[in-house]
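To keep things clear, I will list the structure first and then write my remarks on it.
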There are 2 protein chains.
Amino acid sequence: MDETNPPPPGAAHPGASPAGAPIGKVTLQGLARELGLSTATISLALRDSPMVAEATRLKVQEAARARGYVANRGAAALRTARTNIVALGLHDIVNPSFTELLAAVEDALSEAGKTVLLGVSQEDVARQTRTLGTLAEYRPDAFLVSPAAHSRVEDLKALASTGIAVVQVTREIEGSGFDFAGSDDVTGVALGVAHLVALGHRRIGMIGGFGAISTGRKRFAGYKAGLAAAGIPFDPTLVMEGPGLRAEGRKAMARLLALDEPPTAAVCFNDLSAFGALMELQAAGLLAGRDFSLVGYDDIEEARVWYPPLTTVHTFIPEYGRAAATLALKRIADPGRPVERAEMTPELVVRASTCAPVPVKRRPL
Amino acid sequence: MDETNPPPPGAAHPGASPAGAPIGKVTLQGLARELGLSTATISLALRDSPMVAEATRLKVQEAARARGYVANRGAAALRTARTNIVALGLHDIVNPSFTELLAAVEDALSEAGKTVLLGVSQEDVARQTRTLGTLAEYRPDAFLVSPAAHSRVEDLKALASTGIAVVQVTREIEGSGFDFAGSDDVTGVALGVAHLVALGHRRIGMIGGFGAISTGRKRFAGYKAGLAAAGIPFDPTLVMEGPGLRAEGRKAMARLLALDEPPTAAVCFNDLSAFGALMELQAAGLLAGRDFSLVGYDDIEEARVWYPPLTTVHTFIPEYGRAAATLALKRIADPGRPVERAEMTPELVVRASTCAPVPVKRRPL
DNA sequence: TGTTGTCGCTAAATCGTTTAGCATGACCGA
DNA sequence: TCGGTCATGCTAAACGATTTAGCGACAACA
């Protein structure tokens, strides 16, 4: 394998590449001078233009390789008004579902020759404004945004100048009129509720989610729609609002179990909340799929390897990540095209965390 | 809250910002013409130079705000040879420990006014070469790299031209002579082994990790060092090599339990492997911390909320993420400075997945 | 009155690339 | 020999910012 001797302490930083000149010191002009050609010819030759003779082209490309030429995209962008950068403004990246999204988006964009410039708002509108502003200074060809909670239409409108594509992903600002890629959350959560209903549950809680973000509103709507479809009255005491985090899910489950008349099942805002709930169940000596029924949301990778494997709603995150990338590319190509929504229909994945209703035995204090 | 009416289907993409002109249409020259000043003055005024009179400065800044001026960093970079971009070349981002790293790095860099340009190699050297090459075309001020398995010194050397900082993070290519930020993995895993030894274990397995990456080599070395320190002979049949993934950890645990003489404890390459192992134990009707002892590595957020909470080695990922960012900033400021290694010493976090040795009862087939 | 200094600003060069339009020379046919 | 075509490659002007030498105006001072 690699060398194993440690670097001499205090050694100087390694210099230029063995290939020769350092990145950025070889320019079109340099090559032009050296080859006795004009920069125009070099530029065309490197891009395989038919306007330059075969022989010249080969000579130029060979020289460029030999001298270690690395194109300067910033300079090119200045001239062409196209950076091949796509700015990604996410509200969070540590949440695994967003990581899967980021990975998919990066993959799809890099395939299309675009590079990702990353900004994170950490769910803070002020920081989001700063971040998006900075990203804009790099003149990305497009913005892919998952808006922070409480974002308003103007926060995005400011970006949407002629020729800059703006695409919302996962979350959206309703009525903003931008392209959107995400999942149909109303249908998704309703699917989970229907599954529980079919198993015989009537007392079904909801764990996590809050109204400041579109996904929170939609998933809550899905929960209510699911109940309504089964003719089950909505009981607000069974709804545990909160951000979709493990710790919150755990707390929420504890509160549900402490109710006078606990539910026999619950749907969750996301898998993360479900994991937290699952842990609380374990800690209480209960097993999901035997003593209680739990349905997650998202179906992140972790869900299938849990014990018990989590019954959850698969939302096709990588798919709509790629869809978002595609929407961005399409809008870059044609800024005037009609607004498009790529809304994936989720699918229920039944694993082992659900079962027929069992009255919950209270945990001894 | 936000508007809730859906966008009219097929509506045209929203146009310019309400603020007025679209991003990029207002330039220094435009402002200069409008205000009857030179671009030099505008440029200086916007950057609060003392060379321009207070009154002028205010007037310029006001006009810039009113007209919606957004600086073009690409153009500025061309002139100043400084992009304020830091390129991040990671081998993977879906692994939660890398997500935590990415988040910390992004946070530290954005605090310093740098923006992150992202590239992912997906553990593939060829793709890494392509990706890093593309990133280089944007002339980042620095590269932060976690090299793909099997990377060689030359793969990084090619980037290290005069004035471009290269910092290795998490993983390194031994002897490459670049700055490095990560954890002292040899010490770390040895800590875990020592803990198990102190509990009375003599038959200790290792789950996950492989030789193609520096962390794999170091953690394995830490395992052997820990055994040696306790005078326990090294038994290769107890070592389950593999990438640090949940599914692999689960398989590895299954194989350990199937041994004629199973270990009573194991250390893991990372928490992810440990979670997999934990799941296999649960599935086998065993409980870590009662029937078997398991020590993770990294202490990602998930570790503390597991049931049982995972005893693991805390590696200060956000801390060394920030350290990596700092190293990059320092090398940008002074390219000639001596190589620096920021190697955090991990700490054992005892939770509930370890206990005194218990002979493992075989799972009935 | 002439010198010196200060202040506020500008002109012009520069970064590395792309591209429209032009120049060159070879070749051909008349 | 002359004009016309072609193929090829060049010239020059952008793109939008930063930087620095230096200019004009005015005040202070001897």
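Identifiers in this document derive from the order of the structure tokens: chains are assigned A, B, ..., residues are numbered from 1 separately in each chain, and ligands are numbered from 1 in order of occurrence.
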Checklist entry - Asp155 of chain A: which residues within 12 Å, counting only C-alpha atoms (C1' of nucleotides), same-chain residues fewer than 2 positions away excluded, as a ChimeraX atom specification? => result /A:89,125-133,145-153,157-160,166,172-173,176 /B:2,17-19
Write the residues you've just listed into a file as a PDB file, in the first residue's frame, and include N, CA and C atoms for each of them.
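Result file again_34.pdb:
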ATOM      1  N   GLY A  89     -28.934  25.384  -1.423  1.00  0.00           N
ATOM      2  CA  GLY A  89     -29.210  26.020  -0.134  1.00  0.00           C
ATOM      3  C   GLY A  89     -30.100  25.133   0.697  1.00  0.00           C
ATOM      4  N   VAL A 125     -33.703  31.789   9.207  1.00  0.00           N
ATOM      5  CA  VAL A 125     -34.008  32.603   8.034  1.00  0.00           C
ATOM      6  C   VAL A 125     -32.936  33.667   7.779  1.00  0.00           C
ATOM      7  N   ALA A 126     -32.453  34.285   8.845  1.00  0.00           N
ATOM      8  CA  ALA A 126     -31.440  35.326   8.664  1.00  0.00           C
ATOM      9  C   ALA A 126     -30.172  34.742   8.054  1.00  0.00           C
ATOM     10  N   ARG A 127     -29.780  33.593   8.603  1.00  0.00           N
ATOM     11  CA  ARG A 127     -28.594  32.952   8.047  1.00  0.00           C
ATOM     12  C   ARG A 127     -28.842  32.528   6.608  1.00  0.00           C
ATOM     13  N   GLN A 128     -30.052  32.094   6.341  1.00  0.00           N
ATOM     14  CA  GLN A 128     -30.391  31.695   4.979  1.00  0.00           C
ATOM     15  C   GLN A 128     -30.236  32.872   4.017  1.00  0.00           C
ATOM     16  N   THR A 129     -30.688  34.026   4.449  1.00  0.00           N
ATOM     17  CA  THR A 129     -30.570  35.212   3.603  1.00  0.00           C
ATOM     18  C   THR A 129     -29.104  35.520   3.307  1.00  0.00           C
ATOM     19  N   ARG A 130     -28.300  35.493   4.346  1.00  0.00           N
ATOM     20  CA  ARG A 130     -26.863  35.731   4.159  1.00  0.00           C
ATOM     21  C   ARG A 130     -26.264  34.715   3.208  1.00  0.00           C
ATOM     22  N   THR A 131     -26.546  33.446   3.501  1.00  0.00           N
ATOM     23  CA  THR A 131     -25.953  32.363   2.729  1.00  0.00           C
ATOM     24  C   THR A 131     -26.344  32.436   1.255  1.00  0.00           C
ATOM     25  N   LEU A 132     -27.636  32.595   1.013  1.00  0.00           N
ATOM     26  CA  LEU A 132     -28.087  32.648  -0.379  1.00  0.00           C
ATOM     27  C   LEU A 132     -27.471  33.854  -1.082  1.00  0.00           C
ATOM     28  N   GLY A 133     -27.327  34.951  -0.344  1.00  0.00           N
ATOM     29  CA  GLY A 133     -26.701  36.138  -0.929  1.00  0.00           C
ATOM     30  C   GLY A 133     -25.273  35.860  -1.356  1.00  0.00           C
ATOM     31  N   VAL A 145     -33.126  24.880  -3.557  1.00  0.00           N
ATOM     32  CA  VAL A 145     -33.326  25.355  -2.192  1.00  0.00           C
ATOM     33  C   VAL A 145     -34.326  24.496  -1.427  1.00  0.00           C
ATOM     34  N   SER A 146     -33.955  24.179  -0.209  1.00  0.00           N
ATOM     35  CA  SER A 146     -34.910  23.636   0.748  1.00  0.00           C
ATOM     36  C   SER A 146     -35.045  24.692   1.839  1.00  0.00           C
ATOM     37  N   PRO A 147     -36.088  25.503   1.762  1.00  0.00           N
ATOM     38  CA  PRO A 147     -36.147  26.716   2.575  1.00  0.00           C
ATOM     39  C   PRO A 147     -36.213  26.428   4.078  1.00  0.00           C
ATOM     40  N   ALA A 148     -35.591  27.279   4.835  1.00  0.00           N
ATOM     41  CA  ALA A 148     -35.654  27.197   6.292  1.00  0.00           C
ATOM     42  C   ALA A 148     -37.085  27.453   6.747  1.00  0.00           C
ATOM     43  N   ALA A 149     -37.411  26.969   7.946  1.00  0.00           N
ATOM     44  CA  ALA A 149     -38.738  27.222   8.496  1.00  0.00           C
ATOM     45  C   ALA A 149     -38.977  28.725   8.533  1.00  0.00           C
ATOM     46  N   HIS A 150     -40.224  29.108   8.311  1.00  0.00           N
ATOM     47  CA  HIS A 150     -40.632  30.512   8.343  1.00  0.00           C
ATOM     48  C   HIS A 150     -40.137  31.343   7.162  1.00  0.00           C
ATOM     49  N   SER A 151     -39.554  30.710   6.149  1.00  0.00           N
ATOM     50  CA  SER A 151     -39.158  31.475   4.961  1.00  0.00           C
ATOM     51  C   SER A 151     -40.398  32.036   4.289  1.00  0.00           C
ATOM     52  N   ARG A 152     -40.214  33.183   3.643  1.00  0.00           N
ATOM     53  CA  ARG A 152     -41.330  33.748   2.913  1.00  0.00           C
ATOM     54  C   ARG A 152     -40.996  33.813   1.424  1.00  0.00           C
ATOM     55  N   VAL A 153     -42.003  34.035   0.636  1.00  0.00           N
ATOM     56  CA  VAL A 153     -41.821  34.037  -0.810  1.00  0.00           C
ATOM     57  C   VAL A 153     -40.702  34.988  -1.222  1.00  0.00           C
ATOM     58  N   LYS A 157     -37.742  34.955  -4.026  1.00  0.00           N
ATOM     59  CA  LYS A 157     -37.953  35.839  -5.162  1.00  0.00           C
ATOM     60  C   LYS A 157     -36.701  36.663  -5.447  1.00  0.00           C
ATOM     61  N   ALA A 158     -36.019  37.027  -4.367  1.00  0.00           N
ATOM     62  CA  ALA A 158     -34.825  37.853  -4.525  1.00  0.00           C
ATOM     63  C   ALA A 158     -33.790  37.184  -5.420  1.00  0.00           C
ATOM     64  N   LEU A 159     -33.843  35.853  -5.478  1.00  0.00           N
ATOM     65  CA  LEU A 159     -32.856  35.127  -6.280  1.00  0.00           C
ATOM     66  C   LEU A 159     -33.281  34.998  -7.738  1.00  0.00           C
ATOM     67  N   ALA A 160     -34.588  35.024  -7.922  1.00  0.00           N
ATOM     68  CA  ALA A 160     -35.131  34.613  -9.203  1.00  0.00           C
ATOM     69  C   ALA A 160     -35.050  35.721 -10.234  1.00  0.00           C
ATOM     70  N   VAL A 166     -34.562  28.713 -10.180  1.00  0.00           N
ATOM     71  CA  VAL A 166     -34.758  28.422  -8.763  1.00  0.00           C
ATOM     72  C   VAL A 166     -35.677  27.212  -8.652  1.00  0.00           C
ATOM     73  N   GLU A 172     -41.349  23.367   0.318  1.00  0.00           N
ATOM     74  CA  GLU A 172     -41.643  24.432  -0.622  1.00  0.00           C
ATOM     75  C   GLU A 172     -42.336  25.566   0.103  1.00  0.00           C
ATOM     76  N   ILE A 173     -42.345  26.688  -0.537  1.00  0.00           N
ATOM     77  CA  ILE A 173     -43.152  27.788  -0.047  1.00  0.00           C
ATOM     78  C   ILE A 173     -44.385  27.802  -0.921  1.00  0.00           C
ATOM     79  N   SER A 176     -45.391  29.975  -4.150  1.00  0.00           N
ATOM     80  CA  SER A 176     -44.249  30.779  -4.587  1.00  0.00           C
ATOM     81  C   SER A 176     -44.082  30.707  -6.102  1.00  0.00           C
TER      82      SER A 176
ATOM     83  N   ASP B   2     -47.266  31.198   5.625  1.00  0.00           N
ATOM     84  CA  ASP B   2     -47.134  31.545   4.208  1.00  0.00           C
ATOM     85  C   ASP B   2     -48.475  31.457   3.504  1.00  0.00           C
ATOM     86  N   SER B  17     -36.595  40.203  -9.212  1.00  0.00           N
ATOM     87  CA  SER B  17     -36.937  40.418  -7.821  1.00  0.00           C
ATOM     88  C   SER B  17     -37.713  41.728  -7.709  1.00  0.00           C
ATOM     89  N   PRO B  18     -38.542  41.809  -6.652  1.00  0.00           N
ATOM     90  CA  PRO B  18     -39.281  43.052  -6.453  1.00  0.00           C
ATOM     91  C   PRO B  18     -38.311  44.224  -6.233  1.00  0.00           C
ATOM     92  N   ALA B  19     -37.126  43.898  -5.721  1.00  0.00           N
ATOM     93  CA  ALA B  19     -36.136  44.947  -5.450  1.00  0.00           C
ATOM     94  C   ALA B  19     -35.800  45.714  -6.719  1.00  0.00           C
TER      95      ALA B  19
END
Item to check | Selection: 10 Å around DT19 of chain D, only C-alpha atoms (C1' of nucleotides), excl. self and same-chain fewer than 4 positions, as a count of residues only | outcome: 6
Item to check | Test item, strand (DSSP E) assignment across segment 194-325 of chain A, answer as a PyMOL selection string | outcome: chain A and resi 204-207+239-240+265-268+293-295+312-314
Item to check | Ordered Cα pairing of chain B with chain A, RMSD after least-squares superposition | outcome: 0.2 Å
Next on the checklist: Show me, as a list in words, every residue of chain B with an atom at most 9 Å from chain D, counting only C-alpha atoms (C1' of nucleotides).
Outcome noted: Thr27, Leu28, Gln29, Thr39, Ala40, Ser43, Leu44, Ala71, Asn72, Arg73, Gly74, Ala75, Ala76, Ala77, Leu78, Arg79 and Thr80 of chain B
Item to check | Contacts of Ala303 of chain B within 12 Å, only C-alpha atoms (C1' of nucleotides), excl. fewer than 2 positions in-chain, as a PyMOL selection string | outcome: (chain A and resi 246-247+276+279) or (chain B and resi 96-97+270-276+278+294-301+305-314+349-353)
Could you save those same residues with N, CA and C atoms as a compact mmCIF listing (two decimals), in the first residue's frame?
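Result went into selection_33.txt, see below:
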# COMPACT_ATOMS: atom_id res chain seq x y z
N ARG A 246 -34.49 12.41 16.72
CA ARG A 246 -34.58 11.22 17.56
C ARG A 246 -35.03 11.55 18.97
N ALA A 247 -34.35 12.50 19.57
CA ALA A 247 -34.62 12.82 20.97
C ALA A 247 -36.07 13.27 21.14
N GLY A 276 -36.54 7.30 17.59
CA GLY A 276 -36.59 7.76 18.98
C GLY A 276 -37.73 7.08 19.72
N MET A 279 -36.93 3.53 20.50
CA MET A 279 -36.01 3.41 21.64
C MET A 279 -36.77 3.55 22.96
N PRO B 96 -22.99 8.92 8.33
CA PRO B 96 -23.29 10.03 9.26
C PRO B 96 -22.06 10.70 9.83
N SER B 97 -20.97 9.97 10.02
CA SER B 97 -19.82 10.63 10.61
C SER B 97 -19.26 11.65 9.62
N ASN B 270 -16.31 1.41 13.49
CA ASN B 270 -17.06 2.65 13.70
C ASN B 270 -18.41 2.34 14.32
N ASP B 271 -19.13 3.37 14.66
CA ASP B 271 -20.43 3.17 15.30
C ASP B 271 -21.40 2.45 14.38
N LEU B 272 -21.30 2.77 13.09
CA LEU B 272 -22.20 2.15 12.13
C LEU B 272 -22.09 0.63 12.20
N SER B 273 -20.87 0.11 12.20
CA SER B 273 -20.69 -1.34 12.34
C SER B 273 -21.29 -1.81 13.65
N ALA B 274 -21.07 -1.01 14.69
CA ALA B 274 -21.57 -1.40 16.01
C ALA B 274 -23.09 -1.50 16.00
N PHE B 275 -23.75 -0.55 15.34
CA PHE B 275 -25.21 -0.60 15.28
C PHE B 275 -25.66 -1.89 14.60
N GLY B 276 -25.00 -2.22 13.54
CA GLY B 276 -25.33 -3.46 12.85
C GLY B 276 -25.16 -4.65 13.79
N LEU B 278 -25.22 -4.63 17.00
CA LEU B 278 -26.25 -4.52 18.03
C LEU B 278 -27.57 -5.12 17.54
N LEU B 294 -19.98 -4.59 23.61
CA LEU B 294 -19.69 -4.00 22.31
C LEU B 294 -19.22 -2.56 22.50
N VAL B 295 -18.11 -2.23 21.83
CA VAL B 295 -17.60 -0.86 21.89
C VAL B 295 -17.59 -0.29 20.48
N GLY B 296 -18.22 0.84 20.30
CA GLY B 296 -18.26 1.48 18.98
C GLY B 296 -17.06 2.38 18.77
N TYR B 297 -17.14 3.17 17.70
CA TYR B 297 -16.06 4.13 17.44
C TYR B 297 -16.61 5.31 16.67
N ASP B 298 -16.39 6.48 17.18
CA ASP B 298 -16.76 7.78 16.59
C ASP B 298 -17.67 8.56 17.54
N ASP B 299 -18.63 7.83 18.12
CA ASP B 299 -19.64 8.50 18.95
C ASP B 299 -20.44 9.50 18.14
N ILE B 300 -21.05 9.01 17.07
CA ILE B 300 -21.97 9.88 16.34
C ILE B 300 -23.23 10.06 17.17
N GLU B 301 -24.02 11.02 16.80
CA GLU B 301 -25.16 11.40 17.64
C GLU B 301 -26.06 10.22 17.96
N VAL B 305 -28.46 7.56 21.76
CA VAL B 305 -29.90 7.33 21.88
C VAL B 305 -30.29 5.90 21.55
N TRP B 306 -29.32 5.07 21.28
CA TRP B 306 -29.64 3.67 21.06
C TRP B 306 -30.08 3.00 22.35
N TYR B 307 -30.75 1.87 22.20
CA TYR B 307 -31.03 1.06 23.36
C TYR B 307 -30.38 -0.28 23.19
N PRO B 308 -29.41 -0.67 23.93
CA PRO B 308 -28.83 0.12 25.00
C PRO B 308 -27.92 1.21 24.43
N PRO B 309 -27.78 2.31 25.15
CA PRO B 309 -26.86 3.36 24.70
C PRO B 309 -25.47 2.77 24.50
N LEU B 310 -24.85 3.14 23.40
CA LEU B 310 -23.61 2.48 23.00
C LEU B 310 -22.38 3.03 23.73
N THR B 311 -21.64 2.13 24.34
CA THR B 311 -20.31 2.49 24.82
C THR B 311 -19.42 2.64 23.59
N THR B 312 -18.75 3.76 23.48
CA THR B 312 -18.02 4.00 22.25
C THR B 312 -16.85 4.94 22.50
N VAL B 313 -16.07 5.16 21.47
CA VAL B 313 -14.92 6.05 21.60
C VAL B 313 -15.26 7.35 20.88
N HIS B 314 -15.27 8.40 21.63
CA HIS B 314 -15.65 9.71 21.09
C HIS B 314 -14.45 10.31 20.35
N VAL B 349 -16.23 6.68 25.97
CA VAL B 349 -17.49 7.07 26.60
C VAL B 349 -18.20 5.80 27.01
N VAL B 350 -18.22 5.56 28.31
CA VAL B 350 -18.85 4.32 28.77
C VAL B 350 -20.35 4.53 28.92
N ARG B 351 -21.11 3.76 28.17
CA ARG B 351 -22.56 3.82 28.32
C ARG B 351 -23.03 2.45 28.77
N ALA B 352 -23.89 1.82 28.01
CA ALA B 352 -24.47 0.61 28.59
C ALA B 352 -24.32 -0.65 27.74
N SER B 353 -23.46 -0.61 26.75
CA SER B 353 -23.38 -1.79 25.89
C SER B 353 -22.23 -2.72 26.28
Item to check | All residues 10 Å or closer to Lys251 of chain A, only C-alpha atoms (C1' of nucleotides), same chain fewer than 6 positions away omitted, as a PyMOL selection string | outcome: chain A and resi 207+240+242+257+273+276-277+280
Next on the checklist: as a PyMOL selection string, please: every residue in segment 47-279 of chain B that DSSP puts in alpha helix (DSSP H).
Outcome noted: chain B and resi 54-67+73-80+96-111+125-137+153-157+185-198+214-229+246-257+271-279
Item to check | Residue with smallest distance to chain A - pool B:Ile85, B:Ala194, B:Leu348, B:Leu238, counting only C-alpha atoms | outcome: B:Ile85
Checklist outcome for this item: Expressed in Å, the length from atom CA of Gln61 of chain A to atom CA of Glu154 of chain B is 21.9 Å
Please tabulate, as CSV, the residues of chain C that come within 7 Å of chain A, each with its closest pair of atoms and the distance in Å to one decimal, counting only C-alpha atoms (C1' of nucleotides) and ordering rows by chain, then residue number upward.
residue,atom,partner,partner_atom,distance
C:DG16,C1',A:Ala75,CA,5.1
C:DT17,C1',A:Ala76,CA,4.5
C:DT18,C1',A:Arg79,CA,5.9
Checklist entry - B:Val52, B:Ile164, B:Ala112, B:Ala325: which is nearest chain A, counting only C-alpha atoms? => result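 Among the listed residues, B:Ile164 lies closest to chain A.
Closest approach to DT10 of chain C among B:Leu37, B:Val189, B:Ala228, B:Thr264: B:Leu37, based on only C-alpha atoms (C1' of nucleotides).
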Item to check | Option closest in space to chain B, from A:Pro318, A:Glu241, A:Pro50, A:Thr187 [counting only C-alpha atoms] | outcome: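 Nearest to chain B: A:Pro318.
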Checklist entry - In Å to one decimal, how far is atom CA of Cys355 of chain A from atom CA of Arg290 of chain A? => result 6.2 Å
